[in-house]
file input_31.csv (CSV, C-alpha atoms)
chain,number,residue,atom,x,y,z
D,1,LEU,CA,0.0,0.0,0.0
D,2,VAL,CA,2.7,2.5,1.0
D,3,SER,CA,4.8,1.6,-2.0
D,4,LEU,CA,2.0,2.3,-4.4
D,5,LEU,CA,1.2,5.6,-2.6
D,6,ARG,CA,4.8,6.7,-2.9
D,7,GLU,CA,5.1,5.5,-6.5
D,8,GLN,CA,2.1,7.8,-7.3
D,9,GLY,CA,4.2,10.8,-5.9
D,10,HIS,CA,2.8,11.0,-2.3
D,11,GLU,CA,4.8,11.2,0.9
D,12,VAL,CA,3.7,8.8,3.6
D,13,ARG,CA,4.1,8.9,7.4
D,14,VAL,CA,2.7,6.1,9.6
D,15,LEU,CA,1.2,6.9,13.0
D,16,ALA,CA,0.5,3.9,15.3
D,17,LEU,CA,-1.9,4.2,18.2
D,18,LEU,CA,-0.5,1.4,20.4
D,19,PRO,CA,2.5,-0.9,20.5
D,20,LYS,CA,0.4,-3.8,19.3
D,21,ASP,CA,0.0,-1.9,16.0
D,22,LEU,CA,3.8,-2.0,15.3
D,23,ARG,CA,4.2,-5.4,13.8
D,24,ALA,CA,5.3,-4.0,10.5
D,25,ARG,CA,7.6,-1.2,12.0
D,26,ALA,CA,10.9,-2.8,11.0
D,27,LYS,CA,9.9,-3.4,7.4
D,28,LEU,CA,8.5,0.1,7.1
D,29,GLU,CA,11.6,1.7,8.5
D,30,GLN,CA,13.8,-0.4,6.3
D,31,ALA,CA,11.8,1.0,3.4
D,32,GLY,CA,12.5,4.6,4.7
D,33,VAL,CA,9.0,5.2,6.0
D,34,ASP,CA,8.8,7.3,9.2
D,35,VAL,CA,6.8,5.5,12.0
D,36,THR,CA,5.6,7.2,15.2
D,37,LEU,CA,4.0,5.6,18.2
D,38,LEU,CA,1.4,7.8,19.8
D,39,CYS,CA,1.0,6.1,23.1
D,40,ASN,CA,2.1,3.0,25.1
D,41,ARG,CA,-1.1,1.8,26.9
D,42,PRO,CA,-4.8,1.8,26.1
D,43,ARG,CA,-5.6,4.0,29.0
D,44,GLU,CA,-3.4,6.7,27.4
D,45,ILE,CA,-5.6,6.8,24.3
D,46,LEU,CA,-6.8,10.3,24.9
D,47,LEU,CA,-3.1,11.3,25.1
D,48,ALA,CA,-2.7,9.7,21.6
D,49,ALA,CA,-5.5,11.9,20.3
D,50,TRP,CA,-3.8,15.0,21.7
D,51,ARG,CA,-0.4,14.0,20.2
D,52,LEU,CA,-2.2,13.4,16.8
D,53,LEU,CA,-3.6,16.9,17.1
D,54,ARG,CA,-0.2,18.4,17.7
D,55,ILE,CA,1.4,16.5,14.8
D,56,LEU,CA,-1.3,17.6,12.4
D,57,ARG,CA,-1.1,21.3,13.5
D,58,ARG,CA,2.7,21.2,13.2
D,59,ASP,CA,3.2,19.3,10.0
D,60,ARG,CA,0.0,20.3,8.2
D,61,PRO,CA,-0.5,17.1,6.1
D,62,ASP,CA,-2.7,17.2,3.1
D,63,LEU,CA,-4.6,14.1,4.0
D,64,LEU,CA,-5.2,11.8,7.0
D,65,TRP,CA,-5.9,8.1,6.2
D,66,THR,CA,-7.2,6.1,9.2
D,67,SER,CA,-7.8,2.4,9.9
D,68,LEU,CA,-10.1,0.7,12.4
D,69,THR,CA,-12.9,2.2,14.6
D,70,ARG,CA,-10.9,4.0,17.3
D,71,ALA,CA,-8.4,5.6,14.9
D,72,THR,CA,-11.2,6.5,12.5
D,73,MET,CA,-13.2,8.3,15.2
D,74,TYR,CA,-10.2,10.2,16.6
D,75,GLY,CA,-8.9,10.9,13.1
D,76,GLY,CA,-12.2,12.3,12.0
D,77,ILE,CA,-12.5,14.6,15.0
D,78,VAL,CA,-8.8,15.8,14.9
D,79,GLY,CA,-8.9,16.0,11.1
D,80,GLY,CA,-12.0,18.2,11.3
D,81,LEU,CA,-10.3,20.5,13.9
D,82,CYS,CA,-7.3,20.9,11.6
D,83,ARG,CA,-9.3,21.1,8.4
D,84,VAL,CA,-7.5,18.0,7.0
D,85,PRO,CA,-9.6,15.7,4.8
D,86,VAL,CA,-10.0,12.2,6.2
D,87,VAL,CA,-10.0,8.9,4.3
D,88,SER,CA,-10.9,5.8,6.3
D,89,TRP,CA,-10.4,2.1,5.7
D,90,GLN,CA,-13.3,-0.2,6.4
D,91,HIS,CA,-12.1,-3.8,6.8
D,92,ASN,CA,-15.0,-5.7,8.3
D,93,ALA,CA,-18.5,-6.7,7.2
D,94,TRP,CA,-19.6,-7.0,10.8
D,95,LEU,CA,-19.2,-4.7,13.8
D,96,LYS,CA,-20.2,-4.9,17.5
D,97,PRO,CA,-23.4,-2.9,17.9
D,98,HIS,CA,-21.7,-0.1,19.9
D,99,ARG,CA,-19.0,0.3,17.3
D,100,GLN,CA,-21.5,0.3,14.5
D,101,ARG,CA,-23.5,3.0,16.2
D,102,LEU,CA,-20.3,5.1,16.8
D,103,LEU,CA,-19.2,4.9,13.2
D,104,ARG,CA,-22.7,5.6,11.9
D,105,LEU,CA,-22.9,8.7,14.1
D,106,THR,CA,-19.5,10.0,13.0
D,107,ARG,CA,-19.5,8.8,9.4
D,108,ARG,CA,-19.6,12.3,8.0
D,109,LEU,CA,-16.3,13.1,9.6
D,110,THR,CA,-14.7,10.9,6.9
D,111,ALA,CA,-14.8,12.3,3.3
D,112,LEU,CA,-14.0,9.0,1.6
D,113,TRP,CA,-14.3,5.4,2.8
D,114,VAL,CA,-12.1,2.7,1.3
D,115,ALA,CA,-13.5,-0.8,1.6
D,116,ASP,CA,-11.3,-3.8,1.3
D,117,SER,CA,-13.8,-5.8,-0.7
D,118,ARG,CA,-17.2,-5.6,-2.4
D,119,THR,CA,-18.8,-7.3,0.7
D,120,VAL,CA,-17.4,-4.6,3.0
D,121,ALA,CA,-18.5,-1.9,0.6
D,122,GLU,CA,-22.1,-3.3,0.8
D,123,PHE,CA,-21.9,-3.4,4.6
D,124,ALA,CA,-20.7,0.2,4.8
D,125,ALA,CA,-23.5,1.4,2.6
D,126,ASP,CA,-26.3,-0.6,4.4
D,127,ALA,CA,-25.2,-0.8,8.0
D,128,LEU,CA,-23.3,2.5,8.3
D,129,ASP,CA,-25.6,4.5,5.9
D,130,ILE,CA,-22.7,5.7,3.9
D,131,ALA,CA,-23.6,6.9,0.4
D,132,PRO,CA,-22.2,4.6,-2.3
D,133,ASP,CA,-20.5,7.5,-4.1
D,134,ARG,CA,-18.4,8.0,-0.9
D,135,ILE,CA,-17.0,4.5,-1.0
D,136,ALA,CA,-14.0,3.2,-3.0
D,137,ILE,CA,-12.9,-0.5,-3.1
D,138,TRP,CA,-9.2,-1.4,-2.7
D,139,PRO,CA,-8.6,-5.0,-1.6
D,140,LEU,CA,-5.8,-5.2,1.0
D,141,PHE,CA,-4.2,-8.1,-0.7
D,142,ARG,CA,-1.8,-8.4,-3.6
D,143,ALA,CA,-1.2,-11.9,-4.8
D,144,CYS,CA,2.4,-12.4,-5.6
D,145,PRO,CA,3.0,-14.9,-8.5
D,146,TYR,CA,6.4,-15.9,-7.2
D,147,ALA,CA,5.3,-16.9,-3.6
D,148,ALA,CA,5.9,-20.5,-2.4
D,149,GLN,CA,3.3,-23.0,-3.5
D,150,ALA,CA,1.9,-26.0,-1.5
D,151,SER,CA,2.4,-29.5,-2.9
D,152,ALA,CA,-0.1,-32.4,-3.0
D,153,CYS,CA,0.0,-34.8,-0.1
D,154,LYS,CA,2.1,-37.8,-1.0
D,155,PRO,CA,1.3,-41.4,-0.1
D,156,GLY,CA,2.3,-42.1,3.5
D,157,GLU,CA,2.5,-38.4,4.4
D,158,ARG,CA,0.3,-36.8,7.0
D,159,PHE,CA,-2.4,-34.5,5.6
D,160,ARG,CA,-1.8,-31.0,7.1
D,161,ILE,CA,-4.7,-28.6,7.6
D,162,GLY,CA,-3.7,-25.1,8.7
D,163,SER,CA,-5.4,-21.9,10.0
D,164,LEU,CA,-3.7,-18.5,10.3
D,165,GLY,CA,-4.6,-15.3,12.2
D,166,ARG,CA,-4.7,-13.6,15.5
D,167,LEU,CA,-6.0,-15.8,18.3
D,168,HIS,CA,-9.2,-13.9,18.9
D,169,ALA,CA,-12.8,-15.1,19.5
D,170,ASP,CA,-13.9,-13.6,16.2
D,171,LYS,CA,-11.8,-16.1,14.3
D,172,ASN,CA,-13.5,-19.2,15.9
D,173,PHE,CA,-10.3,-21.2,16.1
D,174,HIS,CA,-11.9,-23.3,18.8
D,175,HIS,CA,-13.9,-24.7,16.0
D,176,VAL,CA,-10.7,-26.1,14.4
D,177,ILE,CA,-10.2,-28.1,17.6
D,178,GLU,CA,-13.8,-29.2,17.6
D,179,VAL,CA,-13.5,-30.4,14.0
D,180,ALA,CA,-10.3,-32.3,14.9
D,181,ALA,CA,-12.1,-33.9,17.9
D,182,LEU,CA,-15.1,-34.9,15.9
D,183,LEU,CA,-13.0,-36.5,13.2
D,184,GLN,CA,-11.1,-38.4,16.0
D,185,ARG,CA,-14.4,-39.9,17.1
D,186,VAL,CA,-16.1,-40.6,13.8
D,187,ARG,CA,-13.1,-41.2,11.5
D,188,PRO,CA,-10.3,-42.5,13.7
D,189,ASP,CA,-8.7,-44.3,10.7
D,190,LEU,CA,-8.4,-40.9,8.9
D,191,ALA,CA,-7.7,-38.8,12.0
D,192,ALA,CA,-4.5,-40.8,12.5
D,193,TRP,CA,-3.2,-39.2,9.3
D,194,LEU,CA,-4.4,-35.7,9.9
D,195,GLU,CA,-2.4,-32.8,11.5
D,196,PHE,CA,-4.0,-29.4,12.4
D,197,VAL,CA,-1.7,-26.4,12.7
D,198,ILE,CA,-2.9,-23.0,14.0
D,199,GLY,CA,-0.5,-20.1,13.4
D,200,GLY,CA,-1.0,-16.8,15.2
D,201,ASP,CA,-0.9,-15.3,18.7
D,202,GLY,CA,-3.4,-13.5,20.9
D,203,GLY,CA,-5.6,-13.5,23.9
D,204,GLU,CA,-7.3,-16.8,23.2
D,205,ARG,CA,-4.0,-18.8,23.2
D,206,ALA,CA,-4.4,-20.2,26.8
D,207,ALA,CA,-8.0,-21.2,26.3
D,208,LEU,CA,-7.3,-22.9,23.0
D,209,GLN,CA,-4.3,-24.8,24.5
D,210,ALA,CA,-6.6,-25.9,27.4
D,211,GLN,CA,-9.2,-27.1,24.9
D,212,ILE,CA,-6.7,-29.2,23.0
D,213,ALA,CA,-5.5,-30.8,26.3
D,214,ALA,CA,-9.1,-31.4,27.5
D,215,ALA,CA,-10.0,-33.1,24.2
D,216,GLY,CA,-6.8,-35.3,24.4
D,217,LEU,CA,-5.7,-34.3,20.9
D,218,SER,CA,-2.1,-34.9,19.9
D,219,ASN,CA,-2.6,-33.8,16.3
D,220,VAL,CA,-3.5,-30.2,16.9
D,221,ARG,CA,-0.7,-27.6,17.5
D,222,LEU,CA,-0.5,-23.9,18.2
D,223,VAL,CA,2.7,-22.6,16.6
D,224,GLY,CA,2.5,-19.0,17.6
D,225,PHE,CA,3.0,-15.9,15.6
D,226,VAL,CA,4.1,-16.7,12.0
D,227,ASP,CA,6.8,-14.4,10.6
D,228,GLU,CA,6.8,-16.1,7.2
D,229,PRO,CA,3.2,-16.8,6.3
D,230,GLU,CA,4.2,-17.9,2.8
D,231,ARG,CA,6.4,-20.7,4.1
D,232,PHE,CA,3.8,-21.7,6.6
D,233,LEU,CA,1.0,-22.0,4.0
D,234,ALA,CA,3.3,-23.8,1.5
D,235,SER,CA,3.8,-26.6,4.2
D,236,LEU,CA,0.1,-27.4,4.2
D,237,HIS,CA,-2.3,-29.5,2.1
D,238,ALA,CA,-5.6,-27.6,3.0
D,239,TYR,CA,-6.7,-24.5,4.8
D,240,LEU,CA,-9.6,-24.0,7.3
D,241,GLN,CA,-11.1,-20.6,8.1
D,242,PRO,CA,-14.0,-21.0,10.5
D,243,SER,CA,-14.4,-17.2,11.3
D,244,HIS,CA,-17.6,-15.8,12.8
D,245,HIS,CA,-17.3,-12.8,10.5
D,246,GLU,CA,-14.7,-11.4,8.0
D,247,GLY,CA,-14.2,-8.6,5.5
D,248,LEU,CA,-11.8,-9.7,2.8
D,249,CYS,CA,-10.0,-12.2,5.0
D,250,ILE,CA,-6.4,-11.9,3.7
D,251,ALA,CA,-5.3,-15.2,5.2
D,252,ALA,CA,-7.8,-17.3,3.3
D,253,HIS,CA,-6.9,-15.6,0.1
D,254,GLU,CA,-3.2,-16.1,0.8
D,255,ALA,CA,-4.0,-19.8,1.2
D,256,MET,CA,-5.7,-19.8,-2.2
D,257,ARG,CA,-2.6,-18.1,-3.7
D,258,ALA,CA,-0.5,-20.9,-2.2
D,259,SER,CA,-2.6,-23.4,-4.1
D,260,LEU,CA,-4.5,-24.7,-1.1
D,261,PRO,CA,-8.2,-25.8,-1.1
D,262,VAL,CA,-10.0,-23.6,1.4
D,263,VAL,CA,-12.8,-24.7,3.8
D,264,ALA,CA,-14.4,-21.5,5.2
D,265,SER,CA,-17.4,-20.1,6.9
D,266,ARG,CA,-19.9,-18.5,4.5
D,267,VAL,CA,-19.0,-15.0,5.5
D,268,GLY,CA,-17.2,-11.9,4.1
D,269,GLU,CA,-15.7,-11.9,0.6
D,270,MET,CA,-15.0,-15.6,0.9
D,271,GLN,CA,-18.6,-16.1,-0.2
D,272,ARG,CA,-17.6,-14.7,-3.6
D,273,THR,CA,-14.1,-16.1,-4.0
D,274,VAL,CA,-14.4,-19.7,-2.6
D,275,LEU,CA,-16.4,-21.7,-5.1
D,276,PRO,CA,-17.8,-24.8,-3.5
D,277,GLY,CA,-16.5,-28.0,-5.1
D,278,VAL,CA,-14.2,-26.0,-7.3
D,279,THR,CA,-11.7,-24.1,-5.1
D,280,GLY,CA,-12.9,-25.4,-1.7
D,281,MET,CA,-16.0,-25.6,0.4
D,282,LEU,CA,-18.2,-23.2,2.3
D,283,CYS,CA,-20.1,-24.0,5.5
D,284,ALA,CA,-22.4,-22.1,7.8
D,285,VAL,CA,-20.8,-20.4,10.8
D,286,GLY,CA,-20.4,-23.0,13.6
D,287,ASP,CA,-21.2,-26.0,11.3
D,288,ILE,CA,-18.7,-28.4,12.9
D,289,PRO,CA,-20.1,-31.6,11.1
D,290,GLY,CA,-20.0,-29.7,7.8
D,291,MET,CA,-16.4,-28.6,8.2
D,292,ALA,CA,-15.4,-32.0,9.4
D,293,ALA,CA,-17.0,-33.6,6.4
D,294,ALA,CA,-15.3,-31.1,4.1
D,295,ILE,CA,-11.9,-31.8,5.6
D,296,ALA,CA,-12.5,-35.6,5.3
D,297,THR,CA,-13.4,-35.2,1.7
D,298,LEU,CA,-10.2,-33.4,0.9
D,299,ALA,CA,-8.0,-35.8,2.9
D,300,ASP,CA,-9.6,-38.9,1.4
D,301,ASP,CA,-8.6,-37.6,-2.1
D,302,PRO,CA,-5.4,-35.6,-2.0
D,303,ALA,CA,-5.2,-35.4,-5.8
D,304,ALA,CA,-8.6,-33.8,-6.0
D,305,ALA,CA,-7.7,-31.5,-3.1
D,306,ALA,CA,-4.6,-30.3,-5.0
D,307,ALA,CA,-6.7,-29.7,-8.1
D,308,MET,CA,-9.1,-27.5,-6.1
D,309,GLY,CA,-6.0,-25.6,-4.7
D,310,ALA,CA,-4.7,-25.0,-8.3
D,311,ALA,CA,-8.2,-23.7,-9.3
D,312,GLY,CA,-8.2,-21.4,-6.3
D,313,ARG,CA,-4.8,-20.0,-7.2
D,314,SER,CA,-5.9,-19.2,-10.7
D,315,ARG,CA,-9.0,-17.4,-9.3
D,316,VAL,CA,-7.0,-15.4,-6.8
D,317,MET,CA,-4.4,-14.3,-9.3
D,318,GLU,CA,-7.2,-13.1,-11.6
D,319,PHE,CA,-9.0,-11.1,-8.9
D,320,PHE,CA,-6.0,-10.0,-6.7
D,321,GLY,CA,-2.9,-10.1,-8.9
D,322,GLU,CA,-0.5,-7.2,-9.4
D,323,ARG,CA,-2.6,-5.6,-12.2
D,324,ALA,CA,-5.9,-5.7,-10.2
D,325,PHE,CA,-4.2,-4.4,-7.1
D,326,ARG,CA,-2.6,-1.4,-8.9
D,327,GLN,CA,-5.8,-0.5,-10.8
D,328,ALA,CA,-8.0,-0.5,-7.6
D,329,GLY,CA,-5.2,1.3,-5.6
D,330,ILE,CA,-4.6,4.0,-8.1
D,331,ALA,CA,-8.3,4.7,-8.5
D,332,ALA,CA,-8.7,5.0,-4.7
D,333,ILE,CA,-5.6,7.2,-4.4
D,334,ASP,CA,-6.8,9.5,-7.1
D,335,ARG,CA,-10.1,9.9,-5.4
D,336,ALA,CA,-8.3,10.7,-2.1
D,337,ALA,CA,-6.0,13.2,-3.9
D,338,ALA,CA,-9.1,14.9,-5.4
D,339,LEU,CA,-10.3,15.7,-1.9
D,340,VAL,CA,-7.1,17.8,-1.3
D,341,GLU,CA,-7.4,19.6,-4.7
D,342,SER,CA,-11.1,20.5,-4.0
D,343,ARG,CA,-10.4,22.2,-0.6
call {"tool": "encode", "arguments": {"input": "input_31.csv", "output": "structure tokens"}}
result
Amino acid sequence: LVSLLREQGHEVRVLALLPKDLRARAKLEQAGVDVTLLCNRPREILLAAWRLLRILRRDRPDLLWTSLTRATMYGGIVGGLCRVPVVSWQHNAWLKPHRQRLLRLTRRLTALWVADSRTVAEFAADALDIAPDRIAIWPLFRACPYAAQASACKPGERFRIGSLGRLHADKNFHHVIEVAALLQRVRPDLAAWLEFVIGGDGGERAALQAQIAAAGLSNVRLVGFVDEPERFLASLHAYLQPSHHEGLCIAAHEAMRASLPVVASRVGEMQRTVLPGVTGMLCAVGDIPGMAAAIATLADDPAAAAAMGAAGRSRVMEFFGERAFRQAGIAAIDRAAALVESR
């Protein structure tokens, strides 16, 4: 995103609200992007808003681009005080009721909303009452054609199913464990050859570990934060995304880019990109028997699973390849730049 903004002639500075938002700091600074942390603890969040106000008054940027609810609210207020146009990302097609109300009430503080998918654009229009002509779409995913690819499961090899993301209740990773436990009961012959790997870190880690232990599962592992997602995905034979809700869901599309068949909840943009029986399978949220049956179908026929993965890769490269990423990005950037010119 930053590279394309800079390529189009724009100077970029990144402001992070909290330390947890700094995962990409090293890579950004390596690329010569200035990164500033606004506060160290959630209870200092009002201090972060004050610091943001001081920075905008001192540096007078042409545009403020925000992401996620808290930053969007503060950015809208501070941007208005400093007469700086605000552009805001919208990443999710579901929000907690209080956050939805807050964004709906403050939606006019943002001049342009950028949705990460068609599904999110529809949500923003319907749930947040944002006029469609104030919404652009720029998927937060660029499918690299040179990234590592998964291989079909070989005879005698364990069939590896992976999930990737922050360990948060929204991601429903406890359903991965329930799927593994159900297969252990109903298909012990198959379960002996299955391995479930969950990559990511977060507040649900201890609860998930306890659930694995309580179920007595030896074929489910939590591997922690994944620094190299491409390598992680290339080591799998299938991908499971049981989320309660999503927007674009980058991880599932990265899995498709890695030539993995995807079993996913019927939520977010995955409803459009995962074609049942062609690139993977879709299940209702919380449908443990359905997800277990889908995993069993893939593991019973690794060659067919690999063919689905190849079809998924072709679909993702068409929708999210370099050309599509640039076209959508330049269109969104041009609309943002027009806000500055019209002041």
call {"tool": "atom_distance", "arguments": {"input": "input_31.csv", "atom1": "atom CA of D:Ile137", "atom2": "atom CA of D:Asp116"}}
result
5.7 Å
call {"tool": "atom_distance", "arguments": {"input": "input_31.csv", "atom1": "atom CA of D:Gly162", "atom2": "atom CA of D:Arg142"}}
result
20.8 Å
call {"tool": "atom_distance", "arguments": {"input": "input_31.csv", "atom1": "atom CA of D:Gly76", "atom2": "atom CA of D:Arg43"}}
result
20.0 Å
call {"tool": "closest_residue", "arguments": {"input": "input_31.csv", "among": "D:Val2, D:Cys39, D:Ile212, D:Ala338", "to": "D:Pro19", "atoms": "all atoms listed in the file"}}
result
D:Cys39
call {"tool": "closest_residue", "arguments": {"input": "input_31.csv", "among": "D:Leu22, D:Leu182, D:Leu275, D:Ala124", "to": "D:Pro289", "atoms": "only C-alpha atoms"}}
result
D:Leu182
call {"tool": "closest_atom_pairs", "arguments": {"input": "input_31.csv", "of": "stretch 160-220 of chain D", "to": "stretch 246-250 of chain D", "cutoff": "10 Å", "atoms": "only C-alpha atoms", "output": "Markdown table"}}
result
| residue | atom | partner | partner_atom | distance |
| --- | --- | --- | --- | --- |
| D:Leu164 | CA | D:Ile250 | CA | 9.7 |
| D:Gly165 | CA | D:Ile250 | CA | 9.3 |
| D:Asp170 | CA | D:Glu246 | CA | 8.5 |
| D:Lys171 | CA | D:Glu246 | CA | 8.4 |
call {"tool": "residues_around", "arguments": {"input": "input_31.csv", "residues": "stretch 8-14 of chain D", "least_positions_apart": "2", "cutoff": "8 Å", "atoms": "all atoms listed in the file", "output": "VMD selection string"}}
result
chain D and resid 2 4 to 6 16 33 to 36 330
call {"tool": "residues_around", "arguments": {"input": "input_31.csv", "residues": "D:Leu217", "least_positions_apart": "2", "cutoff": "12 Å", "atoms": "only C-alpha atoms", "output": "PyMOL selection string"}}
result
chain D and resi 176-185+188+191-192+194-196+208-215+219-222
call {"tool": "residues_around", "arguments": {"input": "input_31.csv", "residues": "stretch 102-105 of chain D", "least_positions_apart": "4", "cutoff": "9 Å", "atoms": "all atoms listed in the file", "output": "list in words"}}
result
Thr69, Thr72, Met73, Pro97, His98, Ala127, Leu128, Asp129 and Ile130 of chain D
call {"tool": "write_last_selection", "arguments": {"input": "input_31.csv", "atoms": "C-alpha atoms", "output": "compact mmCIF listing (two decimals), keeping the file's coordinate frame"}}
result
# COMPACT_ATOMS: atom_id res chain seq x y z
CA THR D 69 -12.90 2.20 14.60
CA THR D 72 -11.20 6.50 12.50
CA MET D 73 -13.20 8.30 15.20
CA PRO D 97 -23.40 -2.90 17.90
CA HIS D 98 -21.70 -0.10 19.90
CA ALA D 127 -25.20 -0.80 8.00
CA LEU D 128 -23.30 2.50 8.30
CA ASP D 129 -25.60 4.50 5.90
CA ILE D 130 -22.70 5.70 3.90
call {"tool": "residues_around", "arguments": {"input": "input_31.csv", "residues": "D:Ser314", "least_positions_apart": "3", "cutoff": "12 Å", "atoms": "only C-alpha atoms", "output": "compact mmCIF listing (two decimals) with C-alpha atoms, in the frame of the given file"}}
result
# COMPACT_ATOMS: atom_id res chain seq x y z
CA ALA D 143 -1.20 -11.90 -4.80
CA CYS D 144 2.40 -12.40 -5.60
CA PRO D 145 3.00 -14.90 -8.50
CA HIS D 253 -6.90 -15.60 0.10
CA MET D 256 -5.70 -19.80 -2.20
CA ARG D 257 -2.60 -18.10 -3.70
CA ALA D 258 -0.50 -20.90 -2.20
CA SER D 259 -2.60 -23.40 -4.10
CA LEU D 260 -4.50 -24.70 -1.10
CA PRO D 261 -8.20 -25.80 -1.10
CA THR D 273 -14.10 -16.10 -4.00
CA VAL D 274 -14.40 -19.70 -2.60
CA VAL D 278 -14.20 -26.00 -7.30
CA THR D 279 -11.70 -24.10 -5.10
CA ALA D 307 -6.70 -29.70 -8.10
CA MET D 308 -9.10 -27.50 -6.10
CA GLY D 309 -6.00 -25.60 -4.70
CA ALA D 310 -4.70 -25.00 -8.30
CA ALA D 311 -8.20 -23.70 -9.30
CA MET D 317 -4.40 -14.30 -9.30
CA GLU D 318 -7.20 -13.10 -11.60
CA PHE D 319 -9.00 -11.10 -8.90
CA PHE D 320 -6.00 -10.00 -6.70
CA GLY D 321 -2.90 -10.10 -8.90
call {"tool": "decode", "arguments": {"input": "input_31.csv", "residues": "stretch 284-302 of chain D", "atoms": "N, CA and C atoms", "output": "mmCIF file, in the first residue's frame"}}
result
data_model
loop_
_atom_site.group_PDB
_atom_site.id
_atom_site.type_symbol
_atom_site.label_atom_id
_atom_site.label_comp_id
_atom_site.auth_asym_id
_atom_site.auth_seq_id
_atom_site.Cartn_x
_atom_site.Cartn_y
_atom_site.Cartn_z
ATOM 1 N N ALA D 284 -21.829 -23.104 6.952
ATOM 2 C CA ALA D 284 -22.424 -22.108 7.831
ATOM 3 C C ALA D 284 -21.508 -21.899 9.037
ATOM 4 N N VAL D 285 -21.561 -20.713 9.610
ATOM 5 C CA VAL D 285 -20.765 -20.432 10.810
ATOM 6 C C VAL D 285 -21.133 -21.438 11.901
ATOM 7 N N GLY D 286 -20.123 -22.083 12.470
ATOM 8 C CA GLY D 286 -20.358 -23.027 13.560
ATOM 9 C C GLY D 286 -20.777 -24.415 13.134
ATOM 10 N N ASP D 287 -20.804 -24.689 11.833
ATOM 11 C CA ASP D 287 -21.215 -26.006 11.339
ATOM 12 C C ASP D 287 -20.035 -26.979 11.447
ATOM 13 N N ILE D 288 -19.835 -27.514 12.631
ATOM 14 C CA ILE D 288 -18.700 -28.417 12.878
ATOM 15 C C ILE D 288 -18.811 -29.685 12.033
ATOM 16 N N PRO D 289 -19.978 -30.365 11.990
ATOM 17 C CA PRO D 289 -20.072 -31.557 11.127
ATOM 18 C C PRO D 289 -19.793 -31.245 9.662
ATOM 19 N N GLY D 290 -20.266 -30.086 9.194
ATOM 20 C CA GLY D 290 -20.025 -29.727 7.802
ATOM 21 C C GLY D 290 -18.552 -29.497 7.519
ATOM 22 N N MET D 291 -17.864 -28.788 8.415
ATOM 23 C CA MET D 291 -16.430 -28.557 8.225
ATOM 24 C C MET D 291 -15.655 -29.858 8.318
ATOM 25 N N ALA D 292 -16.043 -30.730 9.268
ATOM 26 C CA ALA D 292 -15.362 -32.018 9.409
ATOM 27 C C ALA D 292 -15.540 -32.866 8.148
ATOM 28 N N ALA D 293 -16.751 -32.854 7.598
ATOM 29 C CA ALA D 293 -16.999 -33.622 6.373
ATOM 30 C C ALA D 293 -16.181 -33.071 5.215
ATOM 31 N N ALA D 294 -16.058 -31.738 5.138
ATOM 32 C CA ALA D 294 -15.271 -31.123 4.065
ATOM 33 C C ALA D 294 -13.796 -31.500 4.177
ATOM 34 N N ILE D 295 -13.265 -31.449 5.391
ATOM 35 C CA ILE D 295 -11.861 -31.828 5.596
ATOM 36 C C ILE D 295 -11.663 -33.297 5.247
ATOM 37 N N ALA D 296 -12.596 -34.149 5.653
ATOM 38 C CA ALA D 296 -12.484 -35.580 5.340
ATOM 39 C C ALA D 296 -12.502 -35.812 3.833
ATOM 40 N N THR D 297 -13.358 -35.087 3.120
ATOM 41 C CA THR D 297 -13.423 -35.229 1.658
ATOM 42 C C THR D 297 -12.082 -34.877 1.021
ATOM 43 N N LEU D 298 -11.470 -33.795 1.482
ATOM 44 C CA LEU D 298 -10.174 -33.391 0.927
ATOM 45 C C LEU D 298 -9.079 -34.402 1.265
ATOM 46 N N ALA D 299 -9.060 -34.840 2.502
ATOM 47 C CA ALA D 299 -8.001 -35.763 2.928
ATOM 48 C C ALA D 299 -8.152 -37.140 2.293
ATOM 49 N N ASP D 300 -9.378 -37.552 2.008
ATOM 50 C CA ASP D 300 -9.602 -38.857 1.371
ATOM 51 C C ASP D 300 -9.122 -38.882 -0.079
ATOM 52 N N ASP D 301 -9.027 -37.718 -0.708
ATOM 53 C CA ASP D 301 -8.618 -37.648 -2.121
ATOM 54 C C ASP D 301 -7.632 -36.488 -2.295
ATOM 55 N N PRO D 302 -6.370 -36.657 -1.885
ATOM 56 C CA PRO D 302 -5.379 -35.576 -1.966
ATOM 57 C C PRO D 302 -5.197 -35.010 -3.372
#
